Amino acid sequence: MTYWQGIWDRWQFLWDDRGDGVTYWQWMFSAWGYTVAVAAVSLVVALAIGCLVGTLRTVSQHRVVSALATGWVELFRNIPVLVQLFLWFFVISEIVPGMRGVPSFVLACCALGFFTSARIAEQVRAGIQALPQAYRYVILPQTFRIIIPPLTSEAMNIVKNSSVAFAVSIPELISFAMQTQEETSRGIEVYLAATVLYIITALAISWFMSSREKRARVPGLSSQGQGAH
Amino acid sequence: MPALDFSFYTWANISTYLLSGLYFSVSLTIAATIGGIALGTVIALMRLSGIKPLEYAALWYVNLLRSIPLVMVILWFFLLMPSAFYNLFPGDVGQKYRAEICDLMTFIIYEAAFFSEIVRAGIQSLPRGQTFAGQALGMTYAQNMRYIVLPQAMRNMLPVFLTQTIVLFQDTSLVYAIGAYDILKGFEIMGNTFGRRVETYIMAAVVYFIISFALSMLVKRLNEKIRILR
């Protein structure tokens, strides 16, 4: 009994007030909200740009267009996401006129969205090229059905990659964990809680997407998701 | 728009701030790739062994690590690694390079999850006949793996390994979380010292881009070569 009491006591800090009327418990869930929100908005940005760029890469009649699209993919694929985040925060917002007042949430979503757009573009291109050319007018709708598995892993990746936003003080799960550990010295409990929330998010995405996939599968065609981070 | 000024990139400054960081990033990438492939192969073999406890252990290892952000794993290791571990290193090396040693361990263990999936796909892509032929020759499981399966699987997987290494190289920038001195940290300190953050972050992006892009060109050529050999 005392053993379990001891463990319970170690989690008591979650109900403590941080000093501004917010408990660690509430802060943790708002941090989770930030993680999910950054990931969701970035995913929308990444899907929009990624589908456009990926389609343009397969346009063989216009060399310039497909070269530009290829350049986009190479540029955003070969720079680490953390460095891209810093570029948005410390370079683009400094030297591009009118970018100075943009909220950091928007900048973080741009950084993550553009980074992921390169990878989605590659999958859209592979999806288009997996289909016979004769079906050009029905290709895109089918492509989306084919690339659901790789998109699932991209959606999970974007949640994981949103963790870099701690470096520009977006109050998401990693910032929450690092700051709470410093304030309460309850490192193991805090990291455990944050890790569990990440796992729940990943499971939810994979469960949701696999239910979509079953409905959208193209008979006779399958593609496999490639693991990266 | 402030004028960009790159004149502070003198050789003296580059060697003071950047070279040791670049050296750390590159050596971390190489060591983590080698360690990750070694550990990943063991995990892939566990996964394919047909022995249930080993299979489940490997499955859990891979699925767990793949659903946690790398930054979180780095923080876990930094928190949980007992300080006695660092005392195992000769002299004050362990205490002085805590973050760096911790990064190496983390990257090997984390990347092994990804490499093991690559190795598993590589082994499964071989026709079953290869294994059967080995067995027919009277080879043991270990001999079969050592002489028949793994050499062929590894060759098929070489381009994917390299692609993963590029990802790994970019991931090494995340050691930022525990303040190890990698190339990005070098650029950051340089930017703060000279008050030129814009120029240093641009240059950091350029350096990462050149290295990753060159490696990905190499992968492309390798792919073509292997395709001809097949």
# chains A, B, ... in the order shown; residues from 1 in each chain; ligands from 1
>>> closest_atom_pairs(of="chain A", to="chain B", cutoff="7 Å", atoms="only C-alpha atoms", output="Markdown table")
| residue | atom | partner | partner_atom | distance |
| --- | --- | --- | --- | --- |
| A:Asn78 | CA | B:Phe209 | CA | 5.0 |
| A:Ile79 | CA | B:Phe209 | CA | 5.2 |
| A:Pro80 | CA | B:Gln170 | CA | 4.7 |
| A:Leu82 | CA | B:Ser173 | CA | 6.9 |
| A:Val83 | CA | B:Ala205 | CA | 6.2 |
| A:Phe86 | CA | B:Tyr201 | CA | 6.9 |
| A:Leu87 | CA | B:Tyr201 | CA | 6.2 |
| A:Phe90 | CA | B:Val198 | CA | 6.1 |
| A:Val91 | CA | B:Val198 | CA | 4.9 |
| A:Ile95 | CA | B:Met1 | CA | 5.0 |
| A:Val96 | CA | B:Met1 | CA | 6.9 |
| A:Pro97 | CA | B:Met1 | CA | 6.9 |
| A:Lys160 | CA | B:Pro69 | CA | 4.5 |
| A:Asn161 | CA | B:Pro69 | CA | 6.7 |
| A:Ser163 | CA | B:Pro69 | CA | 6.7 |
| A:Thr195 | CA | B:Ile68 | CA | 6.6 |
| A:Tyr198 | CA | B:Ile68 | CA | 6.2 |
| A:Ile199 | CA | B:Ser67 | CA | 5.7 |
| A:Ala202 | CA | B:Ser67 | CA | 6.0 |
| A:Gly227 | CA | B:Phe114 | CA | 6.8 |
>>> write_last_selection(atoms="C-alpha atoms", output="compact mmCIF listing (two decimals), in the first residue's frame")
# COMPACT_ATOMS: atom_id res chain seq x y z
CA ASN A 78 17.82 18.28 -48.01
CA ILE A 79 17.73 20.79 -45.16
CA PRO A 80 16.93 19.52 -41.64
CA LEU A 82 15.09 22.31 -37.34
CA VAL A 83 17.29 24.44 -39.61
CA PHE A 86 15.25 28.67 -37.73
CA LEU A 87 15.29 30.02 -41.29
CA PHE A 90 15.42 34.29 -37.81
CA VAL A 91 15.98 34.82 -41.53
CA ILE A 95 14.67 40.09 -44.24
CA VAL A 96 11.32 39.65 -45.99
CA PRO A 97 9.28 42.85 -45.68
CA LYS A 160 6.71 13.72 -34.37
CA ASN A 161 8.41 16.51 -36.31
CA SER A 163 8.35 18.44 -31.57
CA THR A 195 5.49 10.12 -24.33
CA TYR A 198 2.55 11.09 -28.37
CA ILE A 199 1.82 7.36 -28.56
CA ALA A 202 0.15 8.11 -33.25
CA GLY A 227 9.55 4.48 -42.97
>>> residues_around(residues="range 24-37 of chain A", least_positions_apart="2", cutoff="8 Å", atoms="only C-alpha atoms", output="number ranges by chain")
A: 13-18, 22, 39-41, 159, 162-163, 170-173, 176, 180, 194, 197
>>> residues_around(residues="Val26 in chain B", least_positions_apart="4", cutoff="10 Å", atoms="only C-alpha atoms", output="list in words")
Ser20, Gly21, Leu22, Ile30, Ala31, Ala32, Phe169, Thr172, Asp182, Ile183 and Ile211 of chain B
>>> write_last_selection(atoms="C-alpha atoms", output="compact mmCIF listing (two decimals), in the first residue's frame")
# COMPACT_ATOMS: atom_id res chain seq x y z
CA SER B 20 34.71 20.72 -34.51
CA GLY B 21 30.91 20.91 -34.83
CA LEU B 22 31.04 19.56 -38.38
CA ILE B 30 28.82 7.51 -39.39
CA ALA B 31 28.97 5.87 -35.96
CA ALA B 32 25.17 5.82 -35.59
CA PHE B 169 22.50 13.20 -40.88
CA THR B 172 21.69 14.90 -35.91
CA ASP B 182 27.26 19.97 -33.49
CA ILE B 183 27.53 22.02 -36.68
CA ILE B 211 26.09 17.52 -47.90
>>> residues_around(residues="range 62-76 of chain A", least_positions_apart="5", cutoff="7 Å", atoms="only C-alpha atoms", output="ChimeraX atom specification")
/A:53,56-57,114-115,118
>>> residues_around(residues="Ile7 in chain A", least_positions_apart="4", cutoff="12 Å", atoms="only C-alpha atoms", output="MDAnalysis selection string")
chainID A and resid 1:3 11:13 186 188:189
>>> write_last_selection(atoms="N, CA and C atoms", output="tab-separated table (two decimals), in the first residue's frame")
chain	number	residue	atom	x	y	z
A	1	MET	N	0.83	-1.20	0.00
A	1	MET	CA	0.00	0.00	0.00
A	1	MET	C	0.87	1.25	0.00
A	2	THR	N	1.89	1.25	0.87
A	2	THR	CA	2.75	2.45	0.93
A	2	THR	C	3.50	2.65	-0.38
A	3	TYR	N	3.81	1.51	-1.05
A	3	TYR	CA	4.52	1.61	-2.33
A	3	TYR	C	3.69	2.38	-3.35
A	11	TRP	N	3.08	11.83	-8.52
A	11	TRP	CA	2.30	12.46	-9.59
A	11	TRP	C	1.49	13.66	-9.12
A	12	GLN	N	1.57	13.94	-7.79
A	12	GLN	CA	0.75	15.02	-7.25
A	12	GLN	C	1.04	16.37	-7.89
A	13	PHE	N	2.26	16.54	-8.37
A	13	PHE	CA	2.64	17.85	-8.91
A	13	PHE	C	1.72	18.29	-10.05
A	186	ARG	N	10.46	16.52	-11.68
A	186	ARG	CA	9.77	15.24	-11.84
A	186	ARG	C	9.97	14.76	-13.28
A	188	ILE	N	11.02	11.97	-14.85
A	188	ILE	CA	10.50	10.70	-15.35
A	188	ILE	C	8.99	10.77	-15.57
A	189	GLU	N	8.27	11.31	-14.57
A	189	GLU	CA	6.81	11.38	-14.68
A	189	GLU	C	6.40	12.26	-15.85
>>> closest_atom_pairs(of="range 3-94 of chain A", to="range 128-131 of chain A", cutoff="10 Å", atoms="only C-alpha atoms", output="Markdown table")
| residue | atom | partner | partner_atom | distance |
| --- | --- | --- | --- | --- |
| A:Gly54 | CA | A:Ile128 | CA | 8.6 |
| A:Thr55 | CA | A:Ile128 | CA | 7.7 |
| A:Thr58 | CA | A:Ile128 | CA | 7.8 |
>>> atom_distance(atom1="CA of Pro159 in chain B", atom2="CA of Val62 in chain B")
21.2 Å
>>> select_by_dssp(residues="range 54-200 of chain A", states="helix (DSSP H, G or I)", output="ChimeraX atom specification")
/A:54-57,63-77,81-95,104-129,133-146,148-168,173-184,187-200
>>> closest_residue(among="A:Ile120, A:Ile92, A:Val106, A:Ile49", to="Ala155 in chain A", atoms="only C-alpha atoms")
A:Ile120
>>> atom_distance(atom1="CA of Thr184 in chain A", atom2="CA of Gly21 in chain A")
16.2 Å
>>> atom_distance(atom1="CA of Arg146 in chain B", atom2="CA of Leu104 in chain B")
27.3 Å
>>> residues_around(residues="Leu43 in chain A", least_positions_apart="5", cutoff="8 Å", atoms="only C-alpha atoms", output="JSON, numbers by chain")
{"A": [113, 116, 155, 158]}
>>> write_last_selection(atoms="C-alpha atoms", output="PDB file, in the first residue's frame")
ATOM      1  CA  GLY A 113       4.315  22.272 -43.884  1.00  0.00           C
ATOM      2  CA  THR A 116       6.688  17.856 -45.398  1.00  0.00           C
ATOM      3  CA  ALA A 155       0.802  12.281 -40.831  1.00  0.00           C
ATOM      4  CA  ILE A 158       4.461  15.426 -38.880  1.00  0.00           C
TER       5      ILE A 158
END
